[in-house]
Amino acid sequence: MMDRRTSLKVTGITAFELLTQSSFAQEDKSPMTVLVGAASSMDFTARLIGDQLREKINRPVVVSSKLGAGGRLALGELKRAAPDGNTIMFSTSSLFSIYPHIYTKLDYDPVADFTPICGLTWFDLGIATGINSGITDIAQWIASVKSQGSAGAVYGVAPGAGSSSHFLGIALAQSQSMKLEPVHYKDSGIGIVDLASGRLPMLITGSSALVEMHRAKKIRMLAVSGEKRLDLVPEVPTLKEAGLNIAIQNSAGLYGPAKLSKELVERIAAATLPMLQKVDIKAKLASQGMAISPLNSAQLANSLNEDRKKFEILARTSGYKPEAL
């Protein structure tokens, strides 16, 4: 698996930035649209990207939230857009790497219909239990599940069926040969309320959604799913540190419609990637549970391909049945 935290090394990036600024400045001043199909940290980051683009290309930039269908509404609009660089999308990798294995009638081809522009950030998942459960680490939780025998245990997953949170639960069950029964939540907030009240024994969701309640000692984060600990909760170990050879994290980046030219891909990437080196931007991303992950177009495409293979194996071996749209 590619280390998404490895810094991107682009020869001549400063000169290319200057070229980007002058090239865009000579063009029309019609708005550029950045689509985003998810709320919370994704929308927040998309607006940081919009500010960066507005500064670099000297054109109006509109961030357009198209919420619904797990991001597929926004992706559909991107698919229909002209490949002129005026419409791009900030999206997680799930739409390109997981959805092909969980839906039987996707109305898009994750490879042929889009152009990866650049990877920008990654974020991981958190595994949490209620503060009164008596469970303080993953090993205790696994022992508790196994003690229930063939009945297994219930766990919550947000944002729902077929998400990376769901697949992390599948990976945990497979790695320990234990039975886990998911309860799907469309919103992590509802799942966290059930977790804190004791109605739900365990929840897997985006790690940033769990931090505040963990710090308030109303829930307990047992582990995070990425390759490194989260700066917001450095006391919480990774699954690998807890002895499980599992690492699942979501990348997020910019995508264009099919047939977006190499020149436009490079110009948009060169206008965007430098923001990741700004101290204030890093701090703002960290506040949302995100870490920088600069990837060029080819690296992002390769990363998506690796993820598709990984989730295809998980979906097939778990017996997960894809859903019709």
# chains A, B, ... in the order shown; residues from 1 in each chain; ligands from 1
>>> select_by_dssp(residues="region 90-271 of chain A", states="alpha helix (DSSP H)", output="tab-separated table (two decimals) with N, CA and C atoms, in the first residue's frame")
chain	number	residue	atom	x	y	z
A	94	SER	N	-13.84	6.59	-1.65
A	94	SER	CA	-14.86	5.55	-1.56
A	94	SER	C	-15.70	5.43	-2.82
A	95	LEU	N	-16.02	6.56	-3.44
A	95	LEU	CA	-16.88	6.54	-4.62
A	95	LEU	C	-16.23	5.80	-5.78
A	96	PHE	N	-14.88	5.75	-5.77
A	96	PHE	CA	-14.16	5.13	-6.87
A	96	PHE	C	-13.62	3.74	-6.51
A	97	SER	N	-13.42	3.49	-5.22
A	97	SER	CA	-12.79	2.22	-4.83
A	97	SER	C	-13.72	1.25	-4.12
A	99	TYR	N	-17.55	1.79	-3.86
A	99	TYR	CA	-18.89	1.71	-4.46
A	99	TYR	C	-19.00	0.69	-5.59
A	100	PRO	N	-17.97	0.50	-6.43
A	100	PRO	CA	-18.10	-0.51	-7.49
A	100	PRO	C	-18.35	-1.92	-6.97
A	101	HIS	N	-18.05	-2.17	-5.69
A	101	HIS	CA	-18.21	-3.51	-5.13
A	101	HIS	C	-19.46	-3.64	-4.27
A	102	ILE	N	-20.19	-2.53	-4.06
A	102	ILE	CA	-21.35	-2.61	-3.16
A	102	ILE	C	-22.66	-2.24	-3.84
A	138	ILE	N	-8.83	-2.78	22.49
A	138	ILE	CA	-9.36	-3.66	21.45
A	138	ILE	C	-9.30	-5.12	21.87
A	139	ALA	N	-8.24	-5.52	22.54
A	139	ALA	CA	-8.11	-6.92	22.95
A	139	ALA	C	-9.27	-7.33	23.86
A	140	GLN	N	-9.64	-6.46	24.77
A	140	GLN	CA	-10.77	-6.76	25.66
A	140	GLN	C	-12.07	-6.84	24.87
A	141	TRP	N	-12.23	-5.95	23.91
A	141	TRP	CA	-13.46	-5.98	23.10
A	141	TRP	C	-13.54	-7.28	22.30
A	142	ILE	N	-12.44	-7.70	21.69
A	142	ILE	CA	-12.42	-8.95	20.92
A	142	ILE	C	-12.75	-10.13	21.83
A	143	ALA	N	-12.18	-10.15	23.02
A	143	ALA	CA	-12.47	-11.23	23.97
A	143	ALA	C	-13.94	-11.25	24.34
A	144	SER	N	-14.52	-10.06	24.49
A	144	SER	CA	-15.94	-9.96	24.82
A	144	SER	C	-16.81	-10.51	23.71
A	145	VAL	N	-16.45	-10.18	22.46
A	145	VAL	CA	-17.22	-10.68	21.31
A	145	VAL	C	-17.12	-12.20	21.23
A	146	LYS	N	-15.91	-12.73	21.38
A	146	LYS	CA	-15.70	-14.17	21.26
A	146	LYS	C	-16.40	-14.93	22.38
A	147	SER	N	-16.53	-14.29	23.53
A	147	SER	CA	-17.20	-14.96	24.65
A	147	SER	C	-18.68	-15.19	24.38
A	164	SER	N	-16.67	2.62	4.22
A	164	SER	CA	-15.37	2.12	4.71
A	164	SER	C	-15.48	1.70	6.17
A	165	SER	N	-16.37	2.35	6.93
A	165	SER	CA	-16.60	1.94	8.33
A	165	SER	C	-17.15	0.52	8.38
A	166	HIS	N	-18.09	0.23	7.50
A	166	HIS	CA	-18.67	-1.11	7.42
A	166	HIS	C	-17.59	-2.13	7.06
A	167	PHE	N	-16.76	-1.78	6.09
A	167	PHE	CA	-15.73	-2.72	5.66
A	167	PHE	C	-14.64	-2.90	6.72
A	168	LEU	N	-14.42	-1.90	7.56
A	168	LEU	CA	-13.49	-2.10	8.66
A	168	LEU	C	-14.06	-3.13	9.63
A	169	GLY	N	-15.36	-3.07	9.89
A	169	GLY	CA	-16.00	-4.08	10.73
A	169	GLY	C	-15.86	-5.47	10.13
A	170	ILE	N	-16.03	-5.56	8.81
A	170	ILE	CA	-15.86	-6.84	8.12
A	170	ILE	C	-14.43	-7.35	8.28
A	171	ALA	N	-13.46	-6.45	8.11
A	171	ALA	CA	-12.05	-6.84	8.24
A	171	ALA	C	-11.74	-7.32	9.66
A	172	LEU	N	-12.29	-6.64	10.66
A	172	LEU	CA	-12.08	-7.06	12.05
A	172	LEU	C	-12.66	-8.45	12.30
A	173	ALA	N	-13.89	-8.67	11.80
A	173	ALA	CA	-14.52	-9.97	12.00
A	173	ALA	C	-13.72	-11.08	11.33
A	174	GLN	N	-13.25	-10.82	10.11
A	174	GLN	CA	-12.48	-11.84	9.39
A	174	GLN	C	-11.16	-12.13	10.08
A	175	SER	N	-10.49	-11.09	10.56
A	175	SER	CA	-9.16	-11.29	11.14
A	175	SER	C	-9.21	-12.11	12.43
A	176	GLN	N	-10.35	-12.07	13.12
A	176	GLN	CA	-10.46	-12.76	14.41
A	176	GLN	C	-11.43	-13.94	14.35
A	188	SER	N	-23.38	9.86	11.86
A	188	SER	CA	-22.56	9.42	12.98
A	188	SER	C	-23.05	9.99	14.31
A	189	GLY	N	-23.67	11.19	14.27
A	189	GLY	CA	-24.13	11.81	15.50
A	189	GLY	C	-25.14	10.97	16.24
A	190	ILE	N	-26.06	10.34	15.49
A	190	ILE	CA	-27.07	9.49	16.12
A	190	ILE	C	-26.41	8.26	16.73
A	191	GLY	N	-25.46	7.70	16.01
A	191	GLY	CA	-24.74	6.54	16.52
A	191	GLY	C	-23.97	6.86	17.79
A	192	ILE	N	-23.38	8.05	17.85
A	192	ILE	CA	-22.62	8.44	19.03
A	192	ILE	C	-23.54	8.62	20.23
A	193	VAL	N	-24.73	9.18	20.00
A	193	VAL	CA	-25.71	9.32	21.09
A	193	VAL	C	-26.08	7.94	21.64
A	194	ASP	N	-26.33	6.98	20.75
A	194	ASP	CA	-26.67	5.62	21.19
A	194	ASP	C	-25.49	4.97	21.92
A	195	LEU	N	-24.29	5.26	21.46
A	195	LEU	CA	-23.10	4.71	22.10
A	195	LEU	C	-22.94	5.27	23.52
A	196	ALA	N	-23.07	6.58	23.64
A	196	ALA	CA	-22.89	7.22	24.95
A	196	ALA	C	-23.97	6.80	25.95
A	197	SER	N	-25.17	6.50	25.45
A	197	SER	CA	-26.27	6.13	26.33
A	197	SER	C	-26.23	4.66	26.75
A	207	SER	N	-12.93	9.08	12.56
A	207	SER	CA	-12.32	9.32	13.87
A	207	SER	C	-12.58	10.73	14.39
A	208	SER	N	-12.61	11.72	13.49
A	208	SER	CA	-12.81	13.10	13.95
A	208	SER	C	-14.16	13.30	14.62
A	209	ALA	N	-15.17	12.50	14.21
A	209	ALA	CA	-16.51	12.63	14.80
A	209	ALA	C	-16.53	12.16	16.26
A	210	LEU	N	-15.56	11.35	16.64
A	210	LEU	CA	-15.54	10.76	17.98
A	210	LEU	C	-14.71	11.55	19.00
A	211	VAL	N	-13.85	12.42	18.48
A	211	VAL	CA	-12.84	13.05	19.34
A	211	VAL	C	-13.45	13.83	20.50
A	212	GLU	N	-14.41	14.70	20.22
A	212	GLU	CA	-14.95	15.58	21.26
A	212	GLU	C	-15.56	14.78	22.41
A	213	MET	N	-16.36	13.77	22.08
A	213	MET	CA	-17.00	12.96	23.12
A	213	MET	C	-15.98	12.11	23.87
A	214	HIS	N	-14.93	11.68	23.17
A	214	HIS	CA	-13.85	10.93	23.83
A	214	HIS	C	-13.14	11.82	24.84
A	215	ARG	N	-12.83	13.03	24.45
A	215	ARG	CA	-12.14	13.96	25.35
A	215	ARG	C	-13.01	14.31	26.55
A	262	LYS	N	-4.13	16.64	-19.94
A	262	LYS	CA	-2.99	16.57	-19.04
A	262	LYS	C	-2.56	17.97	-18.60
A	263	GLU	N	-2.62	18.93	-19.53
A	263	GLU	CA	-2.23	20.30	-19.20
A	263	GLU	C	-3.12	20.88	-18.10
A	264	LEU	N	-4.45	20.68	-18.24
A	264	LEU	CA	-5.36	21.20	-17.22
A	264	LEU	C	-5.18	20.49	-15.88
A	265	VAL	N	-4.96	19.18	-15.93
A	265	VAL	CA	-4.72	18.42	-14.70
A	265	VAL	C	-3.51	18.99	-13.96
A	266	GLU	N	-2.44	19.21	-14.69
A	266	GLU	CA	-1.21	19.71	-14.06
A	266	GLU	C	-1.38	21.13	-13.54
A	267	ARG	N	-2.13	21.96	-14.28
A	267	ARG	CA	-2.33	23.34	-13.87
A	267	ARG	C	-3.18	23.42	-12.60
A	268	ILE	N	-4.24	22.61	-12.53
A	268	ILE	CA	-5.09	22.62	-11.34
A	268	ILE	C	-4.33	22.08	-10.13
A	269	ALA	N	-3.57	21.00	-10.35
A	269	ALA	CA	-2.77	20.42	-9.27
A	269	ALA	C	-1.74	21.42	-8.77
A	270	ALA	N	-1.08	22.11	-9.70
A	270	ALA	CA	-0.05	23.07	-9.31
A	270	ALA	C	-0.63	24.27	-8.59
A	271	ALA	N	-1.90	24.57	-8.84
A	271	ALA	CA	-2.55	25.68	-8.14
A	271	ALA	C	-3.04	25.27	-6.75
>>> select_by_dssp(residues="region 4-252 of chain A", states="strand (DSSP E)", output="MDAnalysis selection string")
chainID A and resid 32:36 61:65 87:92 114:130 153:157 180:184 202:206 219:224 249:252
>>> closest_residue(among="A:Val157, A:Gly126, A:Tyr320, A:Lys66", to="Thr104 (chain A)", atoms="only C-alpha atoms")
A:Tyr320
>>> closest_residue(among="A:Pro60, A:Pro237, A:Gly149, A:Pro182", to="Thr136 (chain A)", atoms="only C-alpha atoms")
A:Pro237
>>> closest_atom_pairs(of="region 196-290 of chain A", to="region 108-120 of chain A", cutoff="8 Å", atoms="only C-alpha atoms", output="Markdown table")
| residue | atom | partner | partner_atom | distance |
| --- | --- | --- | --- | --- |
| A:Ser251 | CA | A:Gly119 | CA | 7.1 |
| A:Ala252 | CA | A:Leu120 | CA | 6.0 |
| A:Gly253 | CA | A:Gly119 | CA | 4.1 |
| A:Leu254 | CA | A:Ile117 | CA | 5.3 |
| A:Tyr255 | CA | A:Pro116 | CA | 4.7 |
| A:Gly256 | CA | A:Thr115 | CA | 4.9 |
| A:Pro257 | CA | A:Phe114 | CA | 4.4 |
| A:Ala258 | CA | A:Phe114 | CA | 4.2 |
| A:Lys259 | CA | A:Thr115 | CA | 6.9 |
| A:Leu260 | CA | A:Thr115 | CA | 6.3 |
| A:Val265 | CA | A:Ile117 | CA | 5.3 |
| A:Glu266 | CA | A:Ile117 | CA | 7.5 |
| A:Ile268 | CA | A:Ile117 | CA | 7.4 |
| A:Ala269 | CA | A:Cys118 | CA | 5.8 |
| A:Leu273 | CA | A:Leu120 | CA | 7.0 |
| A:Leu276 | CA | A:Leu120 | CA | 7.5 |
>>> write_last_selection(atoms="C-alpha atoms", output="CSV table (one decimal), in the first residue's frame")
chain,number,residue,atom,x,y,z
A,251,SER,CA,-8.0,9.5,0.9
A,252,ALA,CA,-9.6,12.6,-0.5
A,253,GLY,CA,-8.6,14.5,-3.6
A,254,LEU,CA,-9.6,16.4,-6.7
A,255,TYR,CA,-11.2,14.8,-9.7
A,256,GLY,CA,-12.3,16.0,-13.1
A,257,PRO,CA,-14.6,14.6,-15.8
A,258,ALA,CA,-13.3,12.1,-18.4
A,259,LYS,CA,-10.9,13.4,-21.0
A,260,LEU,CA,-9.6,16.3,-18.9
A,265,VAL,CA,-4.7,18.4,-14.7
A,266,GLU,CA,-1.2,19.7,-14.1
A,268,ILE,CA,-5.1,22.6,-11.3
A,269,ALA,CA,-2.8,20.4,-9.3
A,273,LEU,CA,-1.0,21.3,-3.9
A,276,LEU,CA,-0.7,21.7,1.9
>>> closest_residue(among="A:Gly71, A:Leu180, A:Lys278, A:Trp122", to="Ser293 (chain A)", atoms="only C-alpha atoms")
A:Trp122
>>> atom_distance(atom1="CA of Asp107 (chain A)", atom2="CA of Ser30 (chain A)")
29.4 Å
>>> closest_residue(among="A:Leu78, A:Leu48, A:Gly85, A:Ser93", to="Ala283 (chain A)", atoms="only C-alpha atoms")
A:Leu48
>>> residues_around(residues="Lys179 (chain A)", least_positions_apart="5", cutoff="7 Å", atoms="only C-alpha atoms", output="list in words")
Ser150, Gly152, Ala153 and Ala173 of chain A
>>> write_last_selection(atoms="C-alpha atoms", output="compact mmCIF listing (two decimals), in the first residue's frame")
# COMPACT_ATOMS: atom_id res chain seq x y z
CA SER A 150 -21.94 -17.99 17.58
CA GLY A 152 -21.58 -12.67 17.97
CA ALA A 153 -21.99 -9.01 18.78
CA ALA A 173 -14.52 -9.97 12.00
>>> closest_residue(among="A:Pro201, A:Gly70, A:Gly319, A:Gly226", to="Leu125 (chain A)", atoms="only C-alpha atoms")
A:Gly226
>>> residues_around(residues="Asn132 (chain A)", least_positions_apart="5", cutoff="9 Å", atoms="only C-alpha atoms", output="PDB file with C-alpha atoms, in the first residue's frame")
ATOM      1  CA  ALA A 196     -22.892   7.217  24.951  1.00  0.00           C
ATOM      2  CA  GLY A 198     -25.297   2.461  26.388  1.00  0.00           C
ATOM      3  CA  LYS A 218     -18.527  10.225  27.454  1.00  0.00           C
ATOM      4  CA  ILE A 219     -17.267   7.520  25.085  1.00  0.00           C
ATOM      5  CA  ARG A 220     -13.932   5.740  24.813  1.00  0.00           C
TER       6      ARG A 220
END
>>> closest_residue(among="A:Leu304, A:Ile57, A:Val62, A:Leu75", to="Leu106 (chain A)", atoms="only C-alpha atoms")
A:Leu75
